[in-house]
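Engineer: Before I ask anything, let me first share the structure, which is written out below as structure tokens.
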Amino acid sequence: MPFEETKREIGQHFVFGFHGYEPSDDVIKLIRDYHVGSIIIFRRNVQSIPQLYKLIQSLQQIAKDAGHSQPLLVGIDQENGLVSAFSKLDAGTQFPGAMAVGVTKDLQLAQGVANSSGREMRLAGINWVYSPVADVNSDPRNPVIGVRSFGEGMFYAQTAAALVCAVSAGLSSADLAACAKHFPGHGDTHVDSHLALPVITKDLRALEQTELVPFRAAIAHGIASIMTGHMALPPLVTALGADADPRVPASLSRGVTTRLLREKLGFEGVVVTDCLEMNAISEGYGCGPGAVMALQAGADIVMICHRIDRHLAALEATYAAVEKGELDLEALKTSGARVRAMKDRVAGRWEDVLGAPLNADKLLKLKQENARTSRRAYGLSTRWLVAPGSTLTTQVISPHADVLVLTPHMQSVNACVDDPEEMQRTADGAERNTAGPSYIAFATAVARRAPFSTHIVYSPSDATASNGLPEKLEKSILSVHTIVFTTRNAHQSSSHWQMDVLEKVVKVANEAVGDGQGKAVRVIIVASCAPYDFQLLAEEKLTKDLPCLCTYEFTKPALEEAAAKLYGETLASS
């Protein structure tokens, strides 16, 4: 094969990201000169649906002018919930994420939400979605999956599998390629692969009981693509016997990608890696060598999301590997046929992609319909938590009650959930986004219903102070009828200080009543992310009887529904 044809083939095996609301010089070069066949869209590329449609049209035109035989695959991380690259005020509708939908166990809801979101994305020009998350969140300490999963534990695996298939069906019915992730399962670890390489010590038999159940179901239902994850599974890799290093990440493992996923599970669709710029790969292997290893392992498409130097390093390393015979060109062609087949299904022909204007009327009607669907979904997913054997404990706030809303200081950036480019900062670059827009919206929603309300952001210093709570906070506690104490993953070790602050708050409220200094002050918990915070409440005498409302995500719609529920209302019917 002439080198130019080889370059064209190799370009189809990568999906790259770029920066900006218009095609950058880098992405133009990648599509035109390196024949890259797939692009991933991030929040940094999205202002509105009309803008995104224009952007994708431009990318597709660049590809056509460069001689691409098929349109680009244009993908996006749109799981809904916390990972929603498409959801902005003037762009995609915000819908509940996996665990929020999963708690309802409503397959029609799961499929309907996926279809509604998918139709918006399809109108914008997107054709590939890195969703659903098929991981079963077996470790509550998991810092990267958590509420992105439909549920936890071996006994939930079958339900998670059904929900994965429902979401896949919803996306497929919107003419999108769905992508189950992160094979063979990222749920049973407390290490974030964005930061380091997680190690999972389960063997194949154990994985078959939990982690592989949703993936098997997705394959049986014909899912278009599967994403491999960056985690090491030494017992599994050793048993599969295809890799020299038992600690090789799954995404770079021939045993995992070919022997397990292709041969044992029979998957015939497209295999894409998670982003190689995560530290688990970029720091341990490098994006160039990692790309070659992933393709040697049997991946069809390698994902690299951010830096042009790493894009070029991966491409050049792949050219060199093919030239030296380290990467079989015929195997790449066979792999490329799978990519082309998926493009045929979801990208279509050039005449399908280019030229037609955005259908503004159809978009407007869809957005109105989806707003109602979103409110209904959040109405079903935001709910009071109840301990096993207990009766339902709820606390409706009186419309005459003065309220103190306490929300946690957002002290860290999660590389998967929080968008560093949207953080508010001081002039010297320090984070100042202490409350966050979702918590501000929550406090505002409470304030609309209360005769008087105060919003205070509590912080780790409130937990460690030896002289109690700050005077302003203590006075606020004693001046209201109800305290709404909001947690954000307080069960994780880095955030356990939230429980220390809660105990101080409860003590101040209780002591005031006991001393006869004032009225009784009720405390209500809003767990604004994982439900595991509720388990912590039950373990402490001071907090075990506190009512807890869980949103499963700290998005604005979830917290605005929580505010409604606190007053015995719901936004679902509005």
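Residues are referred to by chain and number: the chain letter is A, B, ... according to the order shown in the structure tokens, the number counts from 1 in that chain, and ligands are numbered separately from 1 in the order shown.
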Please build the interface table for range 460-515 of chain A against range 551-572 of chain A with a cut-off of 10 Å, listing for each qualifying residue the nearest atom pair and the distance in Å to one decimal; count only C-alpha atoms, order rows by chain and increasing number, and write it as a Markdown table.
Structural biologist:
| residue | atom | partner | partner_atom | distance |
| --- | --- | --- | --- | --- |
| A:Val484 | CA | A:Leu566 | CA | 9.1 |
| A:Thr487 | CA | A:Phe554 | CA | 9.8 |
| A:Arg488 | CA | A:Phe554 | CA | 7.9 |
| A:Asn489 | CA | A:Tyr552 | CA | 9.9 |
Engineer: Would you work out the distance separating CA of Leu73 in chain A from CA of Asp33 in chain A, expressed in Å to one decimal?
Structural biologist: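 Separation of CA of Leu73 in chain A and CA of Asp33 in chain A: 17.2 Å.
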Engineer: Suppose you want the space between CA of His13 in chain A and CA of Ala291 in chain A; what is it in Å?
Structural biologist: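 Going from CA of His13 in chain A over to CA of Ala291 in chain A covers 9.7 Å.
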Engineer: What residues in range 190-362 of chain A get the DSSP label helix (DSSP H, G or I)? Please answer as a PyMOL selection string.
Structural biologist: chain A and resi 204-209+212-220+234-240+250-252+254-264+279-282+287-297+308-323+329-346+350-353+360-362
Engineer: Go ahead and save the picked residues with C-alpha atoms, as a CSV table (one decimal), in the first residue's frame.
Structural biologist:
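Final output, out_6.csv:
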chain,number,residue,atom,x,y,z
A,204,LEU,CA,-12.5,-13.9,35.4
A,205,ARG,CA,-14.9,-15.9,37.5
A,206,ALA,CA,-15.5,-13.0,39.8
A,207,LEU,CA,-15.8,-10.6,36.9
A,208,GLU,CA,-18.4,-12.8,35.3
A,209,GLN,CA,-20.6,-12.4,38.4
A,212,LEU,CA,-19.1,-8.4,32.8
A,213,VAL,CA,-22.9,-8.8,33.2
A,214,PRO,CA,-23.9,-5.4,31.7
A,215,PHE,CA,-21.3,-5.8,28.9
A,216,ARG,CA,-22.6,-9.2,27.9
A,217,ALA,CA,-26.1,-7.9,27.8
A,218,ALA,CA,-25.1,-4.9,25.7
A,219,ILE,CA,-23.3,-7.1,23.2
A,220,ALA,CA,-26.3,-9.4,23.0
A,234,PRO,CA,-3.3,-9.0,36.9
A,235,PRO,CA,-5.2,-12.2,37.7
A,236,LEU,CA,-7.3,-11.8,34.6
A,237,VAL,CA,-4.5,-10.8,32.3
A,238,THR,CA,-2.3,-13.7,33.5
A,239,ALA,CA,-5.1,-16.2,32.9
A,240,LEU,CA,-5.8,-14.9,29.4
A,250,ALA,CA,-6.9,-3.3,30.0
A,251,SER,CA,-6.9,-0.7,27.2
A,252,LEU,CA,-3.5,-1.9,26.1
A,254,ARG,CA,-4.4,-8.0,23.9
A,255,GLY,CA,-5.8,-10.5,26.4
A,256,VAL,CA,-8.6,-8.2,27.5
A,257,THR,CA,-9.3,-6.6,24.1
A,258,THR,CA,-9.0,-9.6,21.8
A,259,ARG,CA,-9.2,-12.8,23.8
A,260,LEU,CA,-11.9,-11.7,26.2
A,261,LEU,CA,-13.9,-9.0,24.5
A,262,ARG,CA,-13.7,-10.3,20.9
A,263,GLU,CA,-13.2,-14.0,21.2
A,264,LYS,CA,-14.9,-15.0,24.6
A,279,ASN,CA,-2.2,9.7,33.8
A,280,ALA,CA,-2.7,5.9,33.9
A,281,ILE,CA,-1.4,5.8,30.3
A,282,SER,CA,0.4,9.1,29.6
A,287,CYS,CA,0.6,8.5,24.3
A,288,GLY,CA,2.8,7.4,21.3
A,289,PRO,CA,3.8,4.0,22.6
A,290,GLY,CA,0.4,3.6,24.2
A,291,ALA,CA,-1.4,4.2,20.9
A,292,VAL,CA,0.7,1.5,19.2
A,293,MET,CA,0.1,-0.9,22.1
A,294,ALA,CA,-3.7,-0.3,22.0
A,295,LEU,CA,-3.9,-1.0,18.3
A,296,GLN,CA,-1.7,-4.1,18.7
A,297,ALA,CA,-4.1,-5.2,21.4
A,308,ILE,CA,-1.7,18.4,19.6
A,309,ASP,CA,1.8,17.2,20.5
A,310,ARG,CA,0.3,14.0,21.8
A,311,HIS,CA,-1.9,13.6,18.8
A,312,LEU,CA,1.1,13.9,16.5
A,313,ALA,CA,3.2,11.6,18.7
A,314,ALA,CA,0.6,8.9,18.5
A,315,LEU,CA,0.3,9.2,14.7
A,316,GLU,CA,4.0,9.2,14.1
A,317,ALA,CA,4.5,6.2,16.4
A,318,THR,CA,1.9,4.3,14.5
A,319,TYR,CA,3.5,5.1,11.1
A,320,ALA,CA,6.8,3.9,12.5
A,321,ALA,CA,5.2,0.7,13.9
A,322,VAL,CA,3.6,-0.2,10.6
A,323,GLU,CA,6.8,0.5,8.7
A,329,LEU,CA,-1.3,-3.3,8.3
A,330,GLU,CA,-3.7,-6.1,7.2
A,331,ALA,CA,-5.0,-6.3,10.7
A,332,LEU,CA,-5.5,-2.5,10.7
A,333,LYS,CA,-7.5,-2.9,7.4
A,334,THR,CA,-9.7,-5.5,9.0
A,335,SER,CA,-10.2,-3.2,12.0
A,336,GLY,CA,-10.9,-0.3,9.6
A,337,ALA,CA,-13.7,-2.2,8.0
A,338,ARG,CA,-15.5,-2.2,11.4
A,339,VAL,CA,-15.0,1.6,11.6
A,340,ARG,CA,-16.3,2.1,8.1
A,341,ALA,CA,-19.3,-0.1,8.8
A,342,MET,CA,-20.2,2.0,11.9
A,343,LYS,CA,-19.8,5.1,9.8
A,344,ASP,CA,-22.2,3.7,7.2
A,345,ARG,CA,-24.8,3.2,9.9
A,346,VAL,CA,-24.6,6.5,11.7
A,350,TRP,CA,-21.8,13.2,2.3
A,351,GLU,CA,-25.1,14.3,0.8
A,352,ASP,CA,-26.7,13.3,4.2
A,353,VAL,CA,-24.4,15.4,6.2
A,360,ALA,CA,-34.9,25.4,13.9
A,361,ASP,CA,-38.6,24.7,14.2
A,362,LYS,CA,-37.9,21.0,14.9
Engineer: Kindly indicate which residue among A:Leu542, A:Ala100, A:Val15, A:Ala66 lies nearest to Met499 in chain A, using only C-alpha atoms for the distances.
Structural biologist: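 That would be A:Leu542, the residue with the smallest distance to Met499 in chain A.
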Engineer: Write out as a PyMOL selection string the set of residues from range 430-470 of chain A that DSSP, computed on the backbone, places in strand (DSSP E or B).
Structural biologist: chain A and resi 431+453-458
